[in-house]
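What follows is one structure encoded as structure tokens, with my remarks underneath.
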Amino acid sequence: MSTLAAIGAALVGLSSLVVIVLVLRAMPRTTFALWAVVMFFVPVWVGLDVRHLFLEAITAATLIAIAALGGDLRLSIVDLFVAILVLLAVVQTVIGVVDLSSAATTLLEWMLPYIWGRLVLSRVSPAFVTDIIATCAVIAAALALVEFATKTNIFTLVPFDNSLYEAWGTLQVRNGILRAEGAWGHSIALGAALAMSSSFILASRWRPVVRILALVLIAGATTMTLSRIGLLTLVLVVVLTIVLLPGIGRTIRIVVIAAGALGSVVIVPIIGKVLAGAGDEASGSADYRSTLFSLFRYVRLFGSAQSFKGATVGGDYLGSFAKSIDNTVLLTGLRLGWFALAMFCLIVALVIIPAFSPRWANPASIAITATAPSLFAVALITQFGMYFWFLTGLAVAWQVMREDGSAWQVMREDHDAQTASGAGRVGPVHFGEDEAAAPVPSSPPRRESQLQGGTSHDA
């Protein structure tokens, strides 16, 4: 009887899943909005146990989104290198030179979000994707400021009985000050995610004053993470966006530059005081990251590195790094080998290089470009890793559609309308159920004298 009940429950669950996929397939915008909400506001320790495999909520949401919005794509050379990277991880796991967790990370936390990023623009307009990411980032930033002020993280209030909650559900303190981390499980992950999202805020269809205020909110929340990586990434994203991204009005650029200069006068002394007060903790963190580079000697051509427990470099015991390696580039090499690391670096490079041309730059490629230096100082922890790979796929999709002349049509016409109206007001845009649609013709905008117008497995 219990077997029949289990089979019946499985059939009911499968039927419900099919219905959900079919419903979401008819609502691509809703699908992406729901996925973004899960990404920004559901911690990695929330999920389902499926036969001894813990499926995180964001992984499940990504699988459902891919099934719902899946369609035909024009492939890119980057897709080939991603496929090679994944194939390397799987084959090396099969022959026993890479552990299963490394292959699972590559498949579930790298490949899946990359595929989702590649697919989403085939059904949803770039402008809508930009606005949703910007909106979620602003809400997450507001919650981070509330967390810092109240010293309460609402996402950790309900305990979960799993290893991910034990690893990421504890709050961090630096110099006696609580570091905001939101639903991202770590202050660095939240700071980097907010910084990456700032390009989407500047590229959104919001009024100029709203975009500026939103960027100030993002900067404030990133500061409250007390993360040097987050602040550095934020500066790089904003600078690259105002320099390279087409369609941002002169007024926005001038105001952002002025606000950035003023903000640095306020923020730099605060961060400097906190780090000085942290003393050995802050300097030890920096020394730890620099010492990590000595581990590159253990990277093999193929397969995972041999154990370096017991090894020393300059009197430093390297075995202490066995459980925590805050360096994505190094960690990829140690887990998958030099050849896989070369594929990883090549993928990132092929996203970065076009971003330096205003003709090819887009919010996602700028976010990846600005985050690249941080990959030498942080692992792809919690949702940050999936967000990074989603934006990588999104950047590639944007570039491919730019070559076809379809993606830029929607976004550039939106910005042209903003510039013409001077207030960020856009003519009506038709976002049908299958959004690759062009804007519906509208009457010429009125001219007014207003402002012119943007991994959990590492535990």
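Residue numbering restarts at 1 in every chain; chains get A, B, ... in the order shown in the structure tokens, and ligands count up from 1 in that same order.
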
Test item: residues at most 6 Å from region 209-225 of chain A, only C-alpha atoms, excluding those fewer than 6 positions along its chain, as a PDB file with C-alpha atoms, in the first residue's frame:
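Ended up saving to around.pdb:
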```
ATOM      1  CA  ALA A 141      19.194  46.783  -1.296  1.00  0.00           C
ATOM      2  CA  ALA A 144      19.859  45.070   3.328  1.00  0.00           C
ATOM      3  CA  LEU A 145      19.669  48.567   4.796  1.00  0.00           C
ATOM      4  CA  ARG A 179      27.524  42.860   7.733  1.00  0.00           C
ATOM      5  CA  ALA A 180      24.366  42.855   5.613  1.00  0.00           C
ATOM      6  CA  SER A 187      28.013  39.643   2.630  1.00  0.00           C
ATOM      7  CA  GLY A 191      27.637  43.072  -2.303  1.00  0.00           C
ATOM      8  CA  LEU A 202      21.338  52.713 -15.182  1.00  0.00           C
TER       9      LEU A 202
END
```

| query | Got a sec: who's within 7 Å of region 373-388 of chain A, counting only C-alpha atoms, leaving out chain neighbours fewer than 4 positions off, as a ChimeraX atom specification? | reply | /A:39,44,109-110,113,184-185,189,193,229,289,325-329,392,455-456,458

Please save C-alpha atoms of the selected residues as a CSV table (one decimal), in the first residue's frame.
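Full text of out00.csv as output:
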```csv
chain,number,residue,atom,x,y,z
A,39,MET,CA,17.2,34.4,-7.2
A,44,VAL,CA,20.2,28.5,-1.1
A,109,GLU,CA,25.1,25.9,-10.9
A,110,TRP,CA,27.1,26.8,-14.0
A,113,PRO,CA,21.8,29.3,-15.4
A,184,TRP,CA,22.5,35.6,-0.3
A,185,GLY,CA,24.1,33.8,2.7
A,189,ALA,CA,27.8,37.5,-2.4
A,193,ALA,CA,25.3,40.9,-6.8
A,229,ILE,CA,35.0,43.3,-3.3
A,289,ARG,CA,43.9,35.6,-0.4
A,325,ILE,CA,39.5,28.6,-1.2
A,326,ASP,CA,38.2,32.1,-2.0
A,327,ASN,CA,39.5,32.2,-5.5
A,328,THR,CA,37.2,31.1,-8.4
A,329,VAL,CA,40.0,30.8,-10.9
A,392,THR,CA,27.2,35.4,-18.7
A,455,THR,CA,27.8,28.3,-5.1
A,456,SER,CA,26.6,26.5,-2.4
A,458,ASP,CA,31.8,25.5,-2.0
```

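We find CA of Tyr165 (chain A) and CA of Thr30 (chain A) to be spaced 28.9 Å apart.
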
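For the atom pair formed by CA of Ala83 (chain A) and CA of Leu112 (chain A), the distance is 11.4 Å, given to one decimal.
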
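Closest to Val120 (chain A) among A:Leu301, A:Leu295, A:Ala349, A:Ile66 is A:Ile66, based on only C-alpha atoms.
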
| request: Select from region 97-239 of chain A everything DSSP, run on the backbone, classes as alpha helix (DSSP H), then give the selection as a VMD selection string. | output: chain A and resid 100 to 104 112 to 120 126 to 150 163 to 168 187 to 202 208 to 224 228 to 239

| request: Enter the distance from CA of Leu88 (chain A) to CA of Leu330 (chain A), in Å, rounded to one decimal. | output: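 That distance, rounded to one decimal, is 16.8 Å.
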
Neighbours of Thr233 (chain A) within 10 Å (only C-alpha atoms; same-chain residues fewer than 5 positions away dropped), as an mmCIF file with N, CA and C atoms, in the first residue's frame?
```
data_model
loop_
_atom_site.group_PDB
_atom_site.id
_atom_site.type_symbol
_atom_site.label_atom_id
_atom_site.label_comp_id
_atom_site.auth_asym_id
_atom_site.auth_seq_id
_atom_site.Cartn_x
_atom_site.Cartn_y
_atom_site.Cartn_z
ATOM 1 N N GLY A 191 26.988 41.871 -1.785
ATOM 2 C CA GLY A 191 27.637 43.072 -2.303
ATOM 3 C C GLY A 191 27.964 42.961 -3.777
ATOM 4 N N ALA A 192 28.487 41.810 -4.187
ATOM 5 C CA ALA A 192 28.827 41.617 -5.599
ATOM 6 C C ALA A 192 27.580 41.596 -6.471
ATOM 7 N N ALA A 193 26.510 40.949 -5.994
ATOM 8 C CA ALA A 193 25.274 40.867 -6.777
ATOM 9 C C ALA A 193 24.643 42.244 -6.965
ATOM 10 N N LEU A 194 24.611 43.041 -5.900
ATOM 11 C CA LEU A 194 24.059 44.392 -6.015
ATOM 12 C C LEU A 194 24.905 45.237 -6.959
ATOM 13 N N ALA A 195 26.213 45.092 -6.853
ATOM 14 C CA ALA A 195 27.100 45.855 -7.736
ATOM 15 C C ALA A 195 26.879 45.478 -9.193
ATOM 16 N N MET A 196 26.773 44.188 -9.482
ATOM 17 C CA MET A 196 26.547 43.739 -10.856
ATOM 18 C C MET A 196 25.221 44.261 -11.391
ATOM 19 N N SER A 198 23.808 47.077 -10.734
ATOM 20 C CA SER A 198 23.749 48.530 -10.906
ATOM 21 C C SER A 198 23.762 48.936 -12.375
ATOM 22 N N THR A 222 25.493 48.275 -0.563
ATOM 23 C CA THR A 222 26.790 47.627 -0.797
ATOM 24 C C THR A 222 27.793 48.032 0.273
ATOM 25 N N SER A 227 32.089 44.983 2.407
ATOM 26 C CA SER A 227 32.854 44.121 1.506
ATOM 27 C C SER A 227 33.660 44.972 0.537
ATOM 28 N N ARG A 228 34.971 44.841 0.584
ATOM 29 C CA ARG A 228 35.821 45.568 -0.355
ATOM 30 C C ARG A 228 35.579 45.100 -1.786
ATOM 31 N N VAL A 238 29.770 50.884 -12.473
ATOM 32 C CA VAL A 238 29.225 52.216 -12.753
ATOM 33 C C VAL A 238 30.100 52.955 -13.761
ATOM 34 N N VAL A 239 31.408 52.899 -13.584
ATOM 35 C CA VAL A 239 32.315 53.588 -14.510
ATOM 36 C C VAL A 239 32.181 53.027 -15.922
ATOM 37 N N ALA A 367 28.545 43.948 -16.439
ATOM 38 C CA ALA A 367 28.559 43.356 -15.095
ATOM 39 C C ALA A 367 29.618 42.267 -14.985
ATOM 40 N N ILE A 368 29.708 41.409 -16.000
ATOM 41 C CA ILE A 368 30.711 40.339 -15.991
ATOM 42 C C ILE A 368 32.120 40.923 -16.069
ATOM 43 N N THR A 369 32.305 41.927 -16.907
ATOM 44 C CA THR A 369 33.619 42.557 -17.053
ATOM 45 C C THR A 369 34.102 43.152 -15.738
ATOM 46 N N ALA A 370 33.211 43.845 -15.041
ATOM 47 C CA ALA A 370 33.590 44.481 -13.782
ATOM 48 C C ALA A 370 33.819 43.467 -12.666
ATOM 49 N N THR A 371 33.169 42.320 -12.759
ATOM 50 C CA THR A 371 33.299 41.293 -11.721
ATOM 51 C C THR A 371 34.532 40.425 -11.919
ATOM 52 N N ALA A 372 35.050 40.368 -13.132
ATOM 53 C CA ALA A 372 36.162 39.468 -13.449
ATOM 54 C C ALA A 372 37.351 39.598 -12.495
ATOM 55 N N PRO A 373 37.823 40.806 -12.146
ATOM 56 C CA PRO A 373 38.958 40.877 -11.211
ATOM 57 C C PRO A 373 38.663 40.237 -9.859
ATOM 58 N N SER A 374 37.400 40.295 -9.431
ATOM 59 C CA SER A 374 37.028 39.734 -8.132
ATOM 60 C C SER A 374 37.078 38.215 -8.112
#
```

| said: What's around Leu48 (chain A) at 12 Å? Count only C-alpha atoms, leave out sequence neighbours fewer than 2 positions away in its own chain, and write the answer as a VMD selection string. | reply: chain A and resid 44 to 46 50 to 61 160 to 162

Could you save the residues just selected, with N, CA and C atoms, as a PDB file, in the first residue's frame?
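What follows is the written file out12.pdb:
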```pdb
ATOM      1  N   VAL A  44      19.841  29.760  -0.484  1.00  0.00           N
ATOM      2  CA  VAL A  44      20.209  28.472  -1.076  1.00  0.00           C
ATOM      3  C   VAL A  44      19.859  27.305  -0.173  1.00  0.00           C
ATOM      4  N   TRP A  45      19.649  27.556   1.112  1.00  0.00           N
ATOM      5  CA  TRP A  45      19.309  26.438   2.000  1.00  0.00           C
ATOM      6  C   TRP A  45      17.834  26.053   1.930  1.00  0.00           C
ATOM      7  N   VAL A  46      17.061  26.767   1.137  1.00  0.00           N
ATOM      8  CA  VAL A  46      15.655  26.423   0.919  1.00  0.00           C
ATOM      9  C   VAL A  46      15.561  25.580  -0.343  1.00  0.00           C
ATOM     10  N   VAL A  50      15.576  15.272  -2.913  1.00  0.00           N
ATOM     11  CA  VAL A  50      15.117  14.307  -3.907  1.00  0.00           C
ATOM     12  C   VAL A  50      16.100  13.142  -3.927  1.00  0.00           C
ATOM     13  N   ARG A  51      15.744  12.064  -3.226  1.00  0.00           N
ATOM     14  CA  ARG A  51      16.590  10.864  -3.183  1.00  0.00           C
ATOM     15  C   ARG A  51      18.043  11.203  -2.855  1.00  0.00           C
ATOM     16  N   HIS A  52      18.236  11.797  -1.692  1.00  0.00           N
ATOM     17  CA  HIS A  52      19.563  12.139  -1.184  1.00  0.00           C
ATOM     18  C   HIS A  52      20.242  13.256  -1.986  1.00  0.00           C
ATOM     19  N   LEU A  53      19.519  13.867  -2.907  1.00  0.00           N
ATOM     20  CA  LEU A  53      20.034  15.028  -3.633  1.00  0.00           C
ATOM     21  C   LEU A  53      19.226  16.246  -3.226  1.00  0.00           C
ATOM     22  N   PHE A  54      19.910  17.251  -2.661  1.00  0.00           N
ATOM     23  CA  PHE A  54      19.219  18.464  -2.253  1.00  0.00           C
ATOM     24  C   PHE A  54      19.131  19.408  -3.438  1.00  0.00           C
ATOM     25  N   LEU A  55      17.900  19.688  -3.861  1.00  0.00           N
ATOM     26  CA  LEU A  55      17.665  20.567  -5.006  1.00  0.00           C
ATOM     27  C   LEU A  55      17.281  21.942  -4.481  1.00  0.00           C
ATOM     28  N   GLU A  56      18.184  22.893  -4.637  1.00  0.00           N
ATOM     29  CA  GLU A  56      17.930  24.246  -4.155  1.00  0.00           C
ATOM     30  C   GLU A  56      16.765  24.872  -4.914  1.00  0.00           C
ATOM     31  N   ALA A  57      16.090  25.811  -4.254  1.00  0.00           N
ATOM     32  CA  ALA A  57      14.932  26.455  -4.871  1.00  0.00           C
ATOM     33  C   ALA A  57      15.310  27.149  -6.173  1.00  0.00           C
ATOM     34  N   ILE A  58      16.464  27.805  -6.204  1.00  0.00           N
ATOM     35  CA  ILE A  58      16.861  28.517  -7.415  1.00  0.00           C
ATOM     36  C   ILE A  58      17.190  27.540  -8.534  1.00  0.00           C
ATOM     37  N   THR A  59      17.748  26.380  -8.197  1.00  0.00           N
ATOM     38  CA  THR A  59      18.020  25.367  -9.223  1.00  0.00           C
ATOM     39  C   THR A  59      16.721  24.828  -9.793  1.00  0.00           C
ATOM     40  N   ALA A  60      15.754  24.533  -8.912  1.00  0.00           N
ATOM     41  CA  ALA A  60      14.454  24.047  -9.375  1.00  0.00           C
ATOM     42  C   ALA A  60      13.758  25.098 -10.232  1.00  0.00           C
ATOM     43  N   ALA A  61      13.823  26.363  -9.812  1.00  0.00           N
ATOM     44  CA  ALA A  61      13.194  27.438 -10.581  1.00  0.00           C
ATOM     45  C   ALA A  61      13.838  27.582 -11.951  1.00  0.00           C
ATOM     46  N   PHE A 160      16.752  25.848   9.149  1.00  0.00           N
ATOM     47  CA  PHE A 160      16.576  24.674   8.297  1.00  0.00           C
ATOM     48  C   PHE A 160      17.601  23.621   8.711  1.00  0.00           C
ATOM     49  N   ASP A 161      17.154  22.396   8.738  1.00  0.00           N
ATOM     50  CA  ASP A 161      18.012  21.304   9.179  1.00  0.00           C
ATOM     51  C   ASP A 161      18.789  20.730   8.000  1.00  0.00           C
ATOM     52  N   ASN A 162      19.748  21.485   7.500  1.00  0.00           N
ATOM     53  CA  ASN A 162      20.616  20.978   6.440  1.00  0.00           C
ATOM     54  C   ASN A 162      21.972  21.665   6.517  1.00  0.00           C
TER      55      ASN A 162
END
```
